[in-house]
>>> print(open('structure_30.txt').read())   # compact mmCIF, C-alpha atoms
# COMPACT_ATOMS: atom_id res chain seq x y z
CA MET V 162 0.00 0.00 0.00
CA ASN V 163 1.31 3.44 -0.94
CA GLN V 164 0.32 5.25 2.22
CA PRO V 165 1.88 8.63 1.26
CA LEU V 166 -0.08 8.66 -2.00
CA ALA V 167 -3.28 7.60 -0.22
CA ASN V 168 -2.78 10.52 2.16
CA GLU V 169 -2.48 12.92 -0.80
CA PHE V 170 -5.93 11.79 -1.94
CA GLY V 171 -7.45 11.81 1.54
CA LEU V 172 -8.00 8.06 1.15
CA GLN V 173 -6.02 6.97 4.19
CA ALA V 174 -9.23 5.72 5.85
CA LEU V 175 -9.49 3.05 3.17
CA PHE V 176 -6.34 1.45 4.53
CA SER V 177 -7.37 1.39 8.18
CA ASP V 178 -8.96 -2.02 7.71
CA GLU V 179 -7.53 -3.18 4.41
CA ALA V 180 -9.16 -6.60 4.33
CA HIS V 181 -12.63 -5.13 4.56
CA CYS V 182 -12.53 -1.63 3.08
CA LEU V 183 -10.46 -2.32 0.00
CA ALA V 184 -12.33 -5.49 -0.84
CA GLN V 185 -15.67 -3.73 -0.53
CA ILE V 186 -14.74 -0.58 -2.44
CA PHE V 187 -12.40 -1.84 -5.15
CA SER V 188 -13.57 -5.41 -5.79
CA ASN V 189 -16.50 -6.99 -7.60
CA GLY V 190 -18.78 -6.30 -4.63
CA GLY V 191 -18.08 -2.58 -4.56
CA ALA V 192 -20.22 0.22 -5.96
CA LEU V 193 -17.30 1.78 -7.79
CA HIS V 194 -16.68 -1.43 -9.71
CA ASP V 195 -20.28 -1.45 -10.96
CA ASN V 196 -19.57 1.82 -12.77
CA ALA V 197 -16.06 0.90 -13.94
CA VAL V 198 -15.11 1.74 -17.52
CA ALA V 199 -12.89 -0.14 -19.96
CA GLN V 200 -11.67 2.37 -22.53
CA LYS V 201 -11.33 1.89 -26.29
CA TYR V 202 -8.34 3.19 -28.25
CA GLY V 203 -5.95 2.28 -31.04
CA GLY V 204 -2.25 2.85 -31.48
CA HIS V 205 0.83 2.69 -33.65
CA GLN V 206 2.71 -0.37 -32.44
CA PHE V 207 6.31 -0.50 -33.66
CA GLY V 208 5.27 1.99 -36.34
CA HIS V 209 2.18 0.10 -37.58
CA TRP V 210 -1.39 1.23 -36.99
CA ASN V 211 -3.54 -1.16 -34.95
CA PRO V 212 -7.19 -0.19 -34.37
CA ASP V 213 -7.94 -3.25 -32.24
CA LEU V 214 -6.66 -2.03 -28.89
CA GLY V 215 -8.28 -0.99 -25.64
CA ASP V 216 -8.25 -1.67 -21.92
CA GLY V 217 -7.93 -5.42 -22.20
CA ARG V 218 -7.13 -5.86 -18.52
CA GLY V 219 -7.86 -2.46 -17.01
CA LEU V 220 -10.85 -0.64 -15.53
CA LEU V 221 -11.22 3.04 -14.75
CA LEU V 222 -12.71 2.98 -11.26
CA ALA V 223 -13.06 6.59 -10.23
CA GLU V 224 -11.80 10.14 -10.38
CA VAL V 225 -10.54 11.70 -7.16
CA THR V 226 -9.18 15.11 -6.26
CA ASN V 227 -5.96 15.32 -4.29
CA LYS V 228 -5.15 17.87 -1.60
CA LYS V 229 -3.75 20.25 -4.26
CA GLY V 230 -7.09 20.24 -6.04
CA GLU V 231 -5.75 18.14 -8.93
CA LEU V 232 -7.98 15.57 -10.59
CA GLN V 233 -6.60 12.03 -10.71
CA ASP V 234 -7.88 8.77 -12.20
CA LEU V 235 -7.86 5.57 -10.17
CA HIS V 236 -7.40 2.64 -12.52
CA LEU V 237 -7.50 -1.07 -11.67
CA LYS V 238 -5.06 -3.16 -13.70
CA GLY V 239 -5.36 -6.93 -14.01
CA ALA V 240 -9.03 -7.26 -13.06
CA GLY V 241 -10.05 -9.75 -15.75
CA GLN V 242 -11.54 -9.76 -19.21
CA THR V 243 -13.12 -6.70 -20.79
CA PRO V 244 -14.69 -6.20 -24.25
CA TYR V 245 -11.18 -5.37 -25.49
CA SER V 246 -9.29 -8.37 -24.12
CA ARG V 247 -9.35 -10.09 -27.53
CA PHE V 248 -7.84 -13.52 -26.80
CA GLY V 249 -6.31 -12.47 -23.47
CA ASP V 250 -7.44 -13.39 -19.98
CA GLY V 251 -7.41 -9.81 -18.72
CA ARG V 252 -5.08 -10.68 -15.88
CA ALA V 253 -1.74 -9.26 -14.82
CA VAL V 254 1.01 -11.23 -13.14
CA LEU V 255 2.84 -10.37 -9.94
CA ARG V 256 6.13 -10.00 -11.81
CA SER V 257 5.00 -7.14 -14.05
CA THR V 258 2.71 -5.57 -11.46
CA LEU V 259 5.47 -5.24 -8.89
CA ARG V 260 7.86 -3.91 -11.54
CA GLU V 261 5.40 -1.15 -12.44
CA TYR V 262 4.83 -0.34 -8.77
CA LEU V 263 8.57 -0.01 -8.14
CA ALA V 264 9.34 1.93 -11.31
CA SER V 265 6.52 4.44 -11.03
CA GLU V 266 7.62 5.33 -7.49
CA ALA V 267 11.28 5.43 -8.52
CA LEU V 268 10.66 7.87 -11.37
CA HIS V 269 8.31 10.04 -9.36
CA HIS V 270 10.87 10.57 -6.62
CA LEU V 271 13.57 11.34 -9.20
CA GLY V 272 11.30 14.16 -10.38
CA ILE V 273 10.30 12.42 -13.62
CA PRO V 274 6.55 12.73 -14.41
CA SER V 275 4.84 9.36 -14.06
CA SER V 276 1.67 7.50 -13.24
CA ARG V 277 1.86 6.13 -9.70
CA ALA V 278 0.83 2.99 -7.85
CA LEU V 279 -1.69 3.29 -5.01
CA CYS V 280 -1.79 -0.36 -3.97
CA LEU V 281 -1.01 -3.88 -5.13
CA PHE V 282 -3.10 -7.01 -4.55
CA THR V 283 -1.59 -10.48 -4.60
CA SER V 284 -3.51 -13.59 -5.58
CA THR V 285 -3.12 -17.35 -5.67
CA HIS V 286 -4.92 -17.42 -9.03
CA PRO V 287 -2.64 -19.11 -11.60
CA VAL V 288 -1.98 -17.29 -14.89
CA GLN V 289 -0.31 -18.83 -17.92
CA ARG V 290 2.32 -16.68 -19.61
CA GLU V 291 5.65 -18.02 -20.85
CA GLU V 292 5.28 -20.17 -17.74
CA LEU V 293 2.66 -20.51 -15.00
CA GLU V 294 2.69 -17.47 -12.72
CA SER V 295 0.62 -15.92 -9.93
CA ALA V 296 -1.89 -13.20 -10.76
CA ALA V 297 -1.87 -9.75 -9.17
CA MET V 298 -3.75 -6.48 -9.49
CA MET V 299 -2.75 -2.88 -9.00
CA ILE V 300 -4.60 0.39 -8.60
CA ARG V 301 -2.65 3.19 -10.20
CA SER V 302 -3.26 6.91 -10.41
CA ALA V 303 -2.66 9.36 -13.27
CA PRO V 304 -4.00 12.80 -14.27
CA SER V 305 -6.01 10.79 -16.79
CA HIS V 306 -5.62 7.60 -18.80
CA ILE V 307 -6.16 9.33 -22.15
CA ARG V 308 -3.53 8.21 -24.60
CA PHE V 309 -2.43 9.41 -28.00
CA GLY V 310 -4.22 6.29 -29.22
CA HIS V 311 -7.63 7.48 -27.99
CA ILE V 312 -7.52 10.52 -30.28
CA GLU V 313 -5.98 8.55 -33.14
CA TYR V 314 -8.66 5.86 -32.96
CA PHE V 315 -11.68 8.12 -33.46
CA PHE V 316 -9.86 10.05 -36.18
CA HIS V 317 -8.76 7.02 -38.21
CA THR V 318 -12.16 5.30 -37.89
CA GLN V 319 -13.90 8.50 -39.05
CA GLN V 320 -15.99 8.76 -35.89
CA LYS V 321 -15.78 12.53 -35.94
CA ASP V 322 -18.66 13.10 -33.54
CA LYS V 323 -16.95 10.97 -30.89
CA LEU V 324 -13.60 12.60 -31.60
CA GLN V 325 -15.20 15.98 -31.00
CA GLN V 326 -16.78 14.72 -27.78
CA LEU V 327 -13.35 13.53 -26.67
CA PHE V 328 -11.72 16.87 -27.52
CA ASP V 329 -14.48 18.75 -25.68
CA PHE V 330 -14.03 16.51 -22.64
CA VAL V 331 -10.26 16.98 -22.65
CA PHE V 332 -10.56 20.76 -22.81
CA LYS V 333 -13.22 21.01 -20.12
CA THR V 334 -11.71 18.50 -17.72
CA TYR V 335 -7.93 18.77 -18.09
CA PHE V 336 -7.19 22.02 -19.92
CA PRO V 337 -9.99 24.38 -18.82
CA SER V 338 -7.87 27.47 -19.43
CA LEU V 339 -8.00 26.67 -23.17
CA CYS V 340 -11.78 26.25 -23.45
CA ASP V 341 -12.53 29.80 -24.57
CA SER V 342 -9.45 30.29 -26.71
CA LYS V 343 -9.91 30.56 -30.47
CA GLN V 344 -6.57 28.77 -30.81
CA ARG V 345 -7.39 26.02 -28.32
CA TYR V 346 -6.52 23.11 -30.63
CA ALA V 347 -3.15 24.63 -31.48
CA GLU V 348 -2.51 25.40 -27.83
CA LEU V 349 -3.51 21.89 -26.76
CA LEU V 350 -1.22 20.25 -29.29
CA LEU V 351 1.63 22.59 -28.31
CA GLN V 352 1.13 21.70 -24.64
CA ILE V 353 1.31 17.99 -25.42
CA VAL V 354 4.40 18.50 -27.61
CA THR V 355 6.31 20.51 -25.00
CA ASP V 356 5.31 18.27 -22.08
CA THR V 357 6.41 15.20 -24.06
CA ALA V 358 9.72 16.86 -24.96
CA LYS V 359 10.43 17.65 -21.30
CA LEU V 360 9.58 14.07 -20.30
CA ILE V 361 11.96 12.58 -22.86
CA ALA V 362 14.68 14.98 -21.71
CA CYS V 363 14.26 13.54 -18.21
CA TRP V 364 14.49 9.97 -19.50
CA GLN V 365 17.68 10.73 -21.39
CA ALA V 366 19.28 12.69 -18.56
CA TYR V 367 18.67 9.89 -16.02
CA GLY V 368 19.28 6.91 -18.29
CA PHE V 369 15.73 5.53 -18.36
CA CYS V 370 14.72 3.29 -21.25
CA HIS V 371 10.95 2.76 -21.63
CA GLY V 372 11.11 -0.13 -24.08
CA VAL V 373 7.66 0.07 -25.74
CA MET V 374 7.00 3.61 -26.97
CA ASN V 375 3.89 2.74 -28.98
CA THR V 376 1.40 5.62 -29.31
CA ASP V 377 -1.05 3.78 -27.07
CA ASN V 378 1.58 4.02 -24.32
CA MET V 379 1.95 7.80 -24.67
CA SER V 380 -0.08 10.10 -22.40
CA ILE V 381 -1.52 13.47 -23.35
CA HIS V 382 -0.16 14.71 -20.01
CA GLY V 383 3.50 14.02 -20.77
CA ILE V 384 3.94 11.38 -18.06
CA THR V 385 5.70 8.02 -18.06
CA PHE V 386 2.95 5.55 -18.72
CA ASP V 387 2.43 1.78 -19.09
CA TYR V 388 5.62 0.23 -17.77
CA GLY V 389 6.69 -2.90 -19.62
CA PRO V 390 10.25 -4.14 -20.20
CA TYR V 391 11.82 -0.89 -19.00
CA GLY V 392 15.34 -0.50 -17.68
CA PHE V 393 17.67 2.11 -16.25
CA LEU V 394 21.07 2.08 -17.93
CA ASP V 395 23.75 0.26 -16.02
CA ASN V 396 26.90 0.67 -18.11
CA PHE V 397 26.52 3.59 -20.52
CA GLN V 398 25.43 1.90 -23.71
CA PRO V 399 23.58 4.49 -25.86
CA ASP V 400 22.04 1.88 -28.17
CA PHE V 401 20.80 -0.28 -25.28
CA VAL V 402 17.55 -2.13 -26.08
CA CYS V 403 15.67 -3.19 -22.94
CA ASN V 404 12.92 -5.09 -24.79
CA HIS V 405 14.10 -8.39 -26.26
CA SER V 406 11.09 -8.34 -28.61
CA ASP V 407 12.49 -5.19 -30.23
CA SER V 408 14.90 -6.95 -32.58
CA ALA V 409 15.34 -3.87 -34.80
CA GLY V 410 16.13 -1.58 -31.87
CA ARG V 411 13.31 0.84 -32.70
CA TYR V 412 12.94 1.75 -29.02
CA ALA V 413 16.62 1.73 -28.07
CA PHE V 414 17.69 4.31 -25.49
CA ASP V 415 19.26 6.67 -28.03
CA GLN V 416 16.23 6.38 -30.32
CA GLN V 417 13.71 7.60 -27.73
CA PRO V 418 13.87 11.32 -28.63
CA GLY V 419 13.22 10.57 -32.32
CA VAL V 420 10.49 8.05 -31.60
CA ALA V 421 8.66 10.53 -29.36
CA LEU V 422 8.64 13.04 -32.22
CA TRP V 423 7.38 10.32 -34.60
CA ASN V 424 4.56 9.60 -32.15
CA LEU V 425 3.73 13.28 -31.88
CA ASN V 426 3.48 13.46 -35.66
CA ALA V 427 1.03 10.55 -35.57
CA LEU V 428 -1.03 12.33 -32.93
CA ALA V 429 -0.88 15.67 -34.74
CA TYR V 430 -2.40 14.11 -37.86
CA ALA V 431 -5.58 13.56 -35.83
CA PHE V 432 -5.77 17.35 -35.30
CA SER V 433 -5.90 18.00 -39.05
CA ASP V 434 -9.64 18.77 -39.06
CA HIS V 435 -8.89 21.71 -36.78
CA LEU V 436 -5.41 22.85 -37.80
CA GLU V 437 -3.74 23.64 -41.10
CA GLU V 438 -0.70 21.61 -42.11
CA ALA V 439 1.55 24.64 -41.67
CA GLN V 440 0.24 25.18 -38.13
CA ILE V 441 0.90 21.56 -37.23
CA ALA V 442 4.42 21.74 -38.66
CA GLU V 443 5.16 24.91 -36.69
CA ILE V 444 3.94 23.34 -33.45
CA LEU V 445 5.94 20.16 -34.00
CA SER V 446 9.03 22.25 -34.71
CA GLN V 447 8.98 23.30 -31.04
CA TYR V 448 9.73 19.76 -29.91
CA GLU V 449 13.45 19.65 -30.60
CA PRO V 450 14.44 23.02 -29.07
CA THR V 451 12.29 22.30 -26.01
CA LEU V 452 13.89 18.89 -25.53
CA LEU V 453 17.43 20.24 -26.02
CA GLN V 454 16.87 23.15 -23.66
CA GLU V 455 15.47 20.91 -20.92
CA TYR V 456 18.13 18.24 -21.43
CA SER V 457 20.86 20.89 -21.30
CA ARG V 458 19.41 22.29 -18.07
CA LEU V 459 19.24 18.85 -16.46
CA MET V 460 22.74 17.86 -17.54
CA ALA V 461 24.19 21.17 -16.39
CA SER V 462 22.72 20.46 -12.96
CA ARG V 463 24.08 16.93 -12.93
CA PHE V 464 27.58 18.21 -13.78
CA GLY V 465 27.39 21.08 -11.28
CA PHE V 466 27.47 23.80 -13.92
CA LEU V 467 25.47 26.97 -13.32
CA ALA V 468 25.29 27.58 -17.08
CA MET V 469 26.15 25.67 -20.24
CA GLY V 470 28.62 27.25 -22.61
CA GLN V 471 31.09 25.98 -25.17
CA HIS V 472 33.62 24.75 -22.60
CA GLN V 473 30.99 23.09 -20.44
CA ASN V 474 29.47 21.31 -23.43
CA ALA V 475 32.88 20.07 -24.52
CA LEU V 476 33.58 18.66 -21.06
CA LEU V 477 30.17 17.02 -20.91
CA ASN V 478 30.51 15.38 -24.32
CA GLU V 479 34.03 14.15 -23.58
CA TYR V 480 32.91 12.68 -20.25
CA MET V 481 29.98 10.86 -21.84
CA GLN V 482 32.25 9.51 -24.57
CA GLN V 483 34.68 8.14 -21.99
CA MET V 484 31.80 6.58 -20.05
CA GLU V 485 30.75 4.81 -23.23
CA THR V 486 34.29 3.77 -24.19
CA GLU V 487 35.03 2.31 -20.77
CA GLN V 488 31.47 1.10 -20.16
CA ARG V 489 31.21 2.96 -16.87
CA ASP V 490 27.99 2.88 -14.87
CA PHE V 491 25.70 5.71 -16.01
CA ASN V 492 24.30 7.13 -12.78
CA LEU V 493 27.28 6.27 -10.56
CA SER V 494 29.50 8.20 -12.98
CA PHE V 495 27.51 11.32 -12.15
CA ARG V 496 27.25 10.63 -8.45
CA ILE V 497 31.02 10.34 -8.13
CA LEU V 498 31.36 13.89 -9.48
CA ASN V 499 29.51 15.22 -6.45
CA SER V 500 32.52 15.00 -4.18
CA VAL V 501 35.45 16.01 -6.39
CA THR V 502 37.35 18.85 -4.81
CA GLY V 503 40.01 21.38 -5.64
CA SER V 504 42.09 20.18 -2.69
CA GLY V 505 43.41 17.24 -4.70
CA ALA V 506 41.82 14.38 -2.71
CA ASN V 507 40.14 12.87 -5.74
CA GLN V 508 41.43 9.31 -5.89
CA PRO V 509 37.93 7.74 -5.84
CA PHE V 510 37.11 9.66 -9.02
CA LEU V 511 40.37 8.66 -10.70
CA ASN V 512 39.87 5.02 -9.69
CA HIS V 513 36.44 5.07 -11.34
CA PHE V 514 38.11 5.09 -14.76
CA ILE V 515 40.52 2.66 -16.38
CA ASP V 516 42.44 5.45 -18.11
CA GLN V 517 43.46 7.43 -15.05
CA GLN V 518 45.66 9.77 -17.06
CA TRP V 519 42.63 10.81 -19.09
CA ALA V 520 40.61 11.15 -15.87
CA ALA V 521 43.23 13.41 -14.25
CA ASN V 522 43.43 15.62 -17.33
CA TRP V 523 39.64 15.91 -17.65
CA LEU V 524 39.22 16.56 -13.93
CA SER V 525 41.76 19.41 -14.04
CA ARG V 526 39.81 21.12 -16.82
CA TYR V 527 36.49 20.44 -15.08
CA LEU V 528 37.65 21.98 -11.79
CA GLU V 529 38.95 25.00 -13.68
CA GLN V 530 35.44 25.61 -15.05
CA VAL V 531 33.50 25.06 -11.81
CA ASN V 532 35.97 27.20 -9.86
CA ARG V 533 35.15 30.09 -12.18
CA GLN V 534 31.51 30.00 -11.10
CA ASP V 535 32.12 32.11 -8.00
CA GLU V 536 30.43 29.51 -5.83
CA VAL V 537 31.50 27.91 -2.58
CA GLU V 538 32.56 24.32 -3.26
CA GLN V 539 30.27 22.94 -0.55
CA ASP V 540 27.33 24.68 -2.19
CA ARG V 541 28.12 23.00 -5.50
CA HIS V 542 28.32 19.63 -3.78
CA ALA V 543 24.97 20.26 -2.10
CA ARG V 544 23.35 21.20 -5.42
CA MET V 545 24.69 18.12 -7.14
CA ASN V 546 23.61 15.83 -4.32
CA LYS V 547 20.02 16.91 -4.99
CA VAL V 548 20.07 15.82 -8.64
CA ASN V 549 22.51 12.88 -8.83
CA PRO V 550 20.88 9.79 -7.29
CA ILE V 551 22.76 7.17 -5.35
CA TYR V 552 19.81 4.76 -5.75
CA VAL V 553 18.08 3.90 -9.03
CA LEU V 554 15.87 0.93 -9.83
CA ARG V 555 18.18 -1.60 -11.41
CA ASN V 556 16.66 -4.64 -13.05
CA TYR V 557 18.62 -7.11 -10.94
CA LEU V 558 17.23 -5.50 -7.80
CA ALA V 559 13.70 -5.59 -9.21
CA GLN V 560 14.19 -9.27 -10.06
CA ARG V 561 15.31 -10.05 -6.53
CA ALA V 562 12.22 -8.27 -5.19
CA ILE V 563 10.01 -10.29 -7.56
CA GLU V 564 11.54 -13.64 -6.61
CA GLN V 565 11.00 -12.99 -2.91
CA ALA V 566 7.50 -11.60 -3.45
CA GLU V 567 6.54 -14.71 -5.37
CA GLN V 568 7.35 -16.61 -2.16
CA GLY V 569 5.10 -14.26 -0.20
CA ASP V 570 7.92 -12.12 1.22
CA PHE V 571 7.66 -8.39 0.42
CA SER V 572 10.28 -7.22 2.93
CA PHE V 573 12.93 -6.67 0.25
CA SER V 574 10.40 -4.81 -1.93
CA GLU V 575 9.51 -2.52 0.96
CA LYS V 576 13.14 -1.80 1.76
CA LEU V 577 13.92 -1.10 -1.89
CA LEU V 578 10.93 1.24 -2.11
CA GLU V 579 12.16 3.14 0.94
CA ALA V 580 15.50 3.73 -0.75
CA LEU V 581 13.93 4.71 -4.07
CA ARG V 582 11.75 7.28 -2.33
CA THR V 583 14.88 9.09 -1.11
CA PRO V 584 17.15 8.47 -4.10
CA PHE V 585 19.57 11.32 -3.38
CA ASP V 586 20.16 10.65 0.32
CA GLU V 587 22.90 8.14 1.01
CA LYS V 588 22.12 5.92 4.01
CA LEU V 589 24.12 3.06 5.44
CA GLU V 590 21.10 0.72 5.62
CA TYR V 591 20.62 1.00 1.83
CA GLN V 592 24.25 0.40 0.91
CA GLU V 593 23.38 -2.75 -1.08
CA PHE V 594 21.30 -0.63 -3.49
CA SER V 595 24.09 1.83 -4.28
CA LYS V 596 26.40 -0.55 -6.11
CA ALA V 597 26.74 -1.29 -9.79
CA PRO V 598 25.23 -4.67 -10.69
CA PRO V 599 27.42 -7.73 -11.24
CA ALA V 600 28.56 -8.20 -14.82
CA SER V 601 26.06 -11.00 -15.38
CA ALA V 602 23.15 -8.68 -14.49
CA GLN V 603 24.09 -5.62 -16.53
CA CYS V 604 22.00 -4.27 -19.42
CA VAL V 605 19.54 -7.15 -19.41
CA ALA V 606 16.72 -7.13 -21.99
CA LEU V 607 13.31 -8.23 -20.74
CA SER V 608 10.11 -9.63 -22.18
CA CYS V 609 6.90 -7.72 -22.90
CA SER V 610 4.89 -10.66 -21.58
CA SER V 611 2.88 -9.61 -18.54
>>> encode(input="structure_30.txt", output="structure tokens")
Amino acid sequence: MNQPLANEFGLQALFSDEAHCLAQIFSNGGALHDNAVAQKYGGHQFGHWNPDLGDGRGLLLAEVTNKKGELQDLHLKGAGQTPYSRFGDGRAVLRSTLREYLASEALHHLGIPSSRALCLFTSTHPVQREELESAAMMIRSAPSHIRFGHIEYFFHTQQKDKLQQLFDFVFKTYFPSLCDSKQRYAELLLQIVTDTAKLIACWQAYGFCHGVMNTDNMSIHGITFDYGPYGFLDNFQPDFVCNHSDSAGRYAFDQQPGVALWNLNALAYAFSDHLEEAQIAEILSQYEPTLLQEYSRLMASRFGFLAMGQHQNALLNEYMQQMETEQRDFNLSFRILNSVTGSGANQPFLNHFIDQQWAANWLSRYLEQVNRQDEVEQDRHARMNKVNPIYVLRNYLAQRAIEQAEQGDFSFSEKLLEALRTPFDEKLEYQEFSKAPPASAQCVALSCSS
């Protein structure tokens, strides 16, 4: 149970007697379930249009307002068959459900926009995937569950009345400030474009690989959505593919910025009844500068720079190249920068690299630049400690959590969650989560099957 999130919604009373309250409110016997909605949408999957998609194992239970006055969906995942299950059983397995729970919390606390998990239900119900597994369900929250694929579906099937109803609902419910604007469609598309660009910048800056960037997995709110075979980079491998079904590498880490723009083009086409082609092109042209500006800001923070200029960019690019050449751990290579000092006690940094002569030369030039910033060294360290995590969700840690959870033991999952909720604060009790994975567990590709 995600008690902090429940508190944000004022739902903490639901968890006071979990066996009774949750079962009554969120299960088949509850009033909310009677009004649950399975949504219909389509999507471009690996670049190919598929109209036969929808909530095949999900139900929209309710909308709630958090303490900030923000509207949030509550969505039950893994509840069984819906009209859109096709040949599926509508179930989710514990393996994938726990992975989504862990990842959504990890990204949220890194400051990366994401759906979030409210609670997870285990079950003894057997589910056949690549092998027999245990079922599970999860209630997750998001500003809404409206995907690019919702808008695409009504456009491509020529259901223009329903597309208009959807647009009207989106404006009224999620973008009320645009309702009375004569340029509301342009402004809506621009908002989605810029929010998506900022999200992708976060992914790239923190080494997160989504794995299945189909348009039905893209949110109109610019949040990380529908976790499948994701993975944080271990060693810096720009062309890392975390989905072993992606044989062509369409959704490789370094392809994510381009794929997001491709997806935005697919979405923008569904606005063509309201916007001229030139308007759409102009709006889409804002994606790249927005992404680059946000990425530059994030990377400047991670390197401790107050501004990015020619010298800072050169140092950044050279550092990333050396990380790739030597296959250094992505996030630990930033964290180790936090403590370098002008006093000369920098052996841990030098030992991080194989080519220590290169490291000494680069470090000398780096310190020259940060020392010009007219900033107390301790202040720079403090700034960097707030943006360079010591704990990220590595796949080998998630797998260990899964294996223990499948035996009914969630203690490791709980401890891992505690660390991921304070990713920048180094604590002795979480030391096991701060290390690079063993060689056998690095850069592992996972299955979509869930």
>>> closest_residue(input="structure_30.txt", among="V:Cys280, V:Ile515, V:Trp364, V:Gly219", to="Gln164 of chain V", atoms="only C-alpha atoms")
V:Cys280
>>> residues_around(input="structure_30.txt", residues="segment 251-254 of chain V", least_positions_apart="6", cutoff="10 Å", atoms="only C-alpha atoms", output="PyMOL selection string")
chain V and resi 216-219+238-245+283-284+286-290+293-299+610-611
>>> write_last_selection(input="structure_30.txt", atoms="C-alpha atoms", output="compact mmCIF listing (two decimals), in the frame of the given file")
# COMPACT_ATOMS: atom_id res chain seq x y z
CA ASP V 216 -8.25 -1.67 -21.92
CA GLY V 217 -7.93 -5.42 -22.20
CA ARG V 218 -7.13 -5.86 -18.52
CA GLY V 219 -7.86 -2.46 -17.01
CA LYS V 238 -5.06 -3.16 -13.70
CA GLY V 239 -5.36 -6.93 -14.01
CA ALA V 240 -9.03 -7.26 -13.06
CA GLY V 241 -10.05 -9.75 -15.75
CA GLN V 242 -11.54 -9.76 -19.21
CA THR V 243 -13.12 -6.70 -20.79
CA PRO V 244 -14.69 -6.20 -24.25
CA TYR V 245 -11.18 -5.37 -25.49
CA THR V 283 -1.59 -10.48 -4.60
CA SER V 284 -3.51 -13.59 -5.58
CA HIS V 286 -4.92 -17.42 -9.03
CA PRO V 287 -2.64 -19.11 -11.60
CA VAL V 288 -1.98 -17.29 -14.89
CA GLN V 289 -0.31 -18.83 -17.92
CA ARG V 290 2.32 -16.68 -19.61
CA LEU V 293 2.66 -20.51 -15.00
CA GLU V 294 2.69 -17.47 -12.72
CA SER V 295 0.62 -15.92 -9.93
CA ALA V 296 -1.89 -13.20 -10.76
CA ALA V 297 -1.87 -9.75 -9.17
CA MET V 298 -3.75 -6.48 -9.49
CA MET V 299 -2.75 -2.88 -9.00
CA SER V 610 4.89 -10.66 -21.58
CA SER V 611 2.88 -9.61 -18.54
>>> atom_distance(input="structure_30.txt", atom1="atom CA of Asn211 of chain V", atom2="atom CA of His311 of chain V")
11.8 Å
>>> residues_near_point(input="structure_30.txt", point="(10.7, 7.8, -10.5)", cutoff="12 Å", atoms="only C-alpha atoms", output="JSON, numbers by chain")
{"V": [261, 262, 263, 264, 265, 266, 267, 268, 269, 270, 271, 272, 273, 274, 275, 276, 277, 278, 360, 363, 364, 367, 368, 369, 384, 385, 386, 388, 392, 393, 550, 552, 553, 554, 578, 580, 581, 582, 583, 584, 585]}
>>> write_last_selection(input="structure_30.txt", atoms="C-alpha atoms", output="short mmCIF file (atom, residue, chain, number, x, y, z; two decimals), keeping the file's coordinate frame")
data_model
loop_
_atom_site.label_atom_id
_atom_site.label_comp_id
_atom_site.auth_asym_id
_atom_site.auth_seq_id
_atom_site.Cartn_x
_atom_site.Cartn_y
_atom_site.Cartn_z
CA GLU V 261 5.40 -1.15 -12.44
CA TYR V 262 4.83 -0.34 -8.77
CA LEU V 263 8.57 -0.01 -8.14
CA ALA V 264 9.34 1.93 -11.31
CA SER V 265 6.52 4.44 -11.03
CA GLU V 266 7.62 5.33 -7.49
CA ALA V 267 11.28 5.43 -8.52
CA LEU V 268 10.66 7.87 -11.37
CA HIS V 269 8.31 10.04 -9.36
CA HIS V 270 10.87 10.57 -6.62
CA LEU V 271 13.57 11.34 -9.20
CA GLY V 272 11.30 14.16 -10.38
CA ILE V 273 10.30 12.42 -13.62
CA PRO V 274 6.55 12.73 -14.41
CA SER V 275 4.84 9.36 -14.06
CA SER V 276 1.67 7.50 -13.24
CA ARG V 277 1.86 6.13 -9.70
CA ALA V 278 0.83 2.99 -7.85
CA LEU V 360 9.58 14.07 -20.30
CA CYS V 363 14.26 13.54 -18.21
CA TRP V 364 14.49 9.97 -19.50
CA TYR V 367 18.67 9.89 -16.02
CA GLY V 368 19.28 6.91 -18.29
CA PHE V 369 15.73 5.53 -18.36
CA ILE V 384 3.94 11.38 -18.06
CA THR V 385 5.70 8.02 -18.06
CA PHE V 386 2.95 5.55 -18.72
CA TYR V 388 5.62 0.23 -17.77
CA GLY V 392 15.34 -0.50 -17.68
CA PHE V 393 17.67 2.11 -16.25
CA PRO V 550 20.88 9.79 -7.29
CA TYR V 552 19.81 4.76 -5.75
CA VAL V 553 18.08 3.90 -9.03
CA LEU V 554 15.87 0.93 -9.83
CA LEU V 578 10.93 1.24 -2.11
CA ALA V 580 15.50 3.73 -0.75
CA LEU V 581 13.93 4.71 -4.07
CA ARG V 582 11.75 7.28 -2.33
CA THR V 583 14.88 9.09 -1.11
CA PRO V 584 17.15 8.47 -4.10
CA PHE V 585 19.57 11.32 -3.38
#
>>> closest_atom_pairs(input="structure_30.txt", of="segment 415-476 of chain V", to="segment 483-506 of chain V", cutoff="10 Å", atoms="only C-alpha atoms", output="JSON lines")
{"residue": "V:Met460", "atom": "CA", "partner": "V:Phe495", "partner_atom": "CA", "distance": 9.7}
{"residue": "V:Arg463", "atom": "CA", "partner": "V:Phe495", "partner_atom": "CA", "distance": 6.6}
{"residue": "V:Phe464", "atom": "CA", "partner": "V:Phe495", "partner_atom": "CA", "distance": 7.1}
{"residue": "V:Gly465", "atom": "CA", "partner": "V:Asn499", "partner_atom": "CA", "distance": 7.9}
>>> axis_aligned_box(input="structure_30.txt", around="segment 583-594 of chain V", padding_each_side="5 Å", output="AutoDock Vina command-line options")
--center_x 19.6 --center_y 4.3 --center_z 0.8 --size_x 19.4 --size_y 24.1 --size_z 19.7
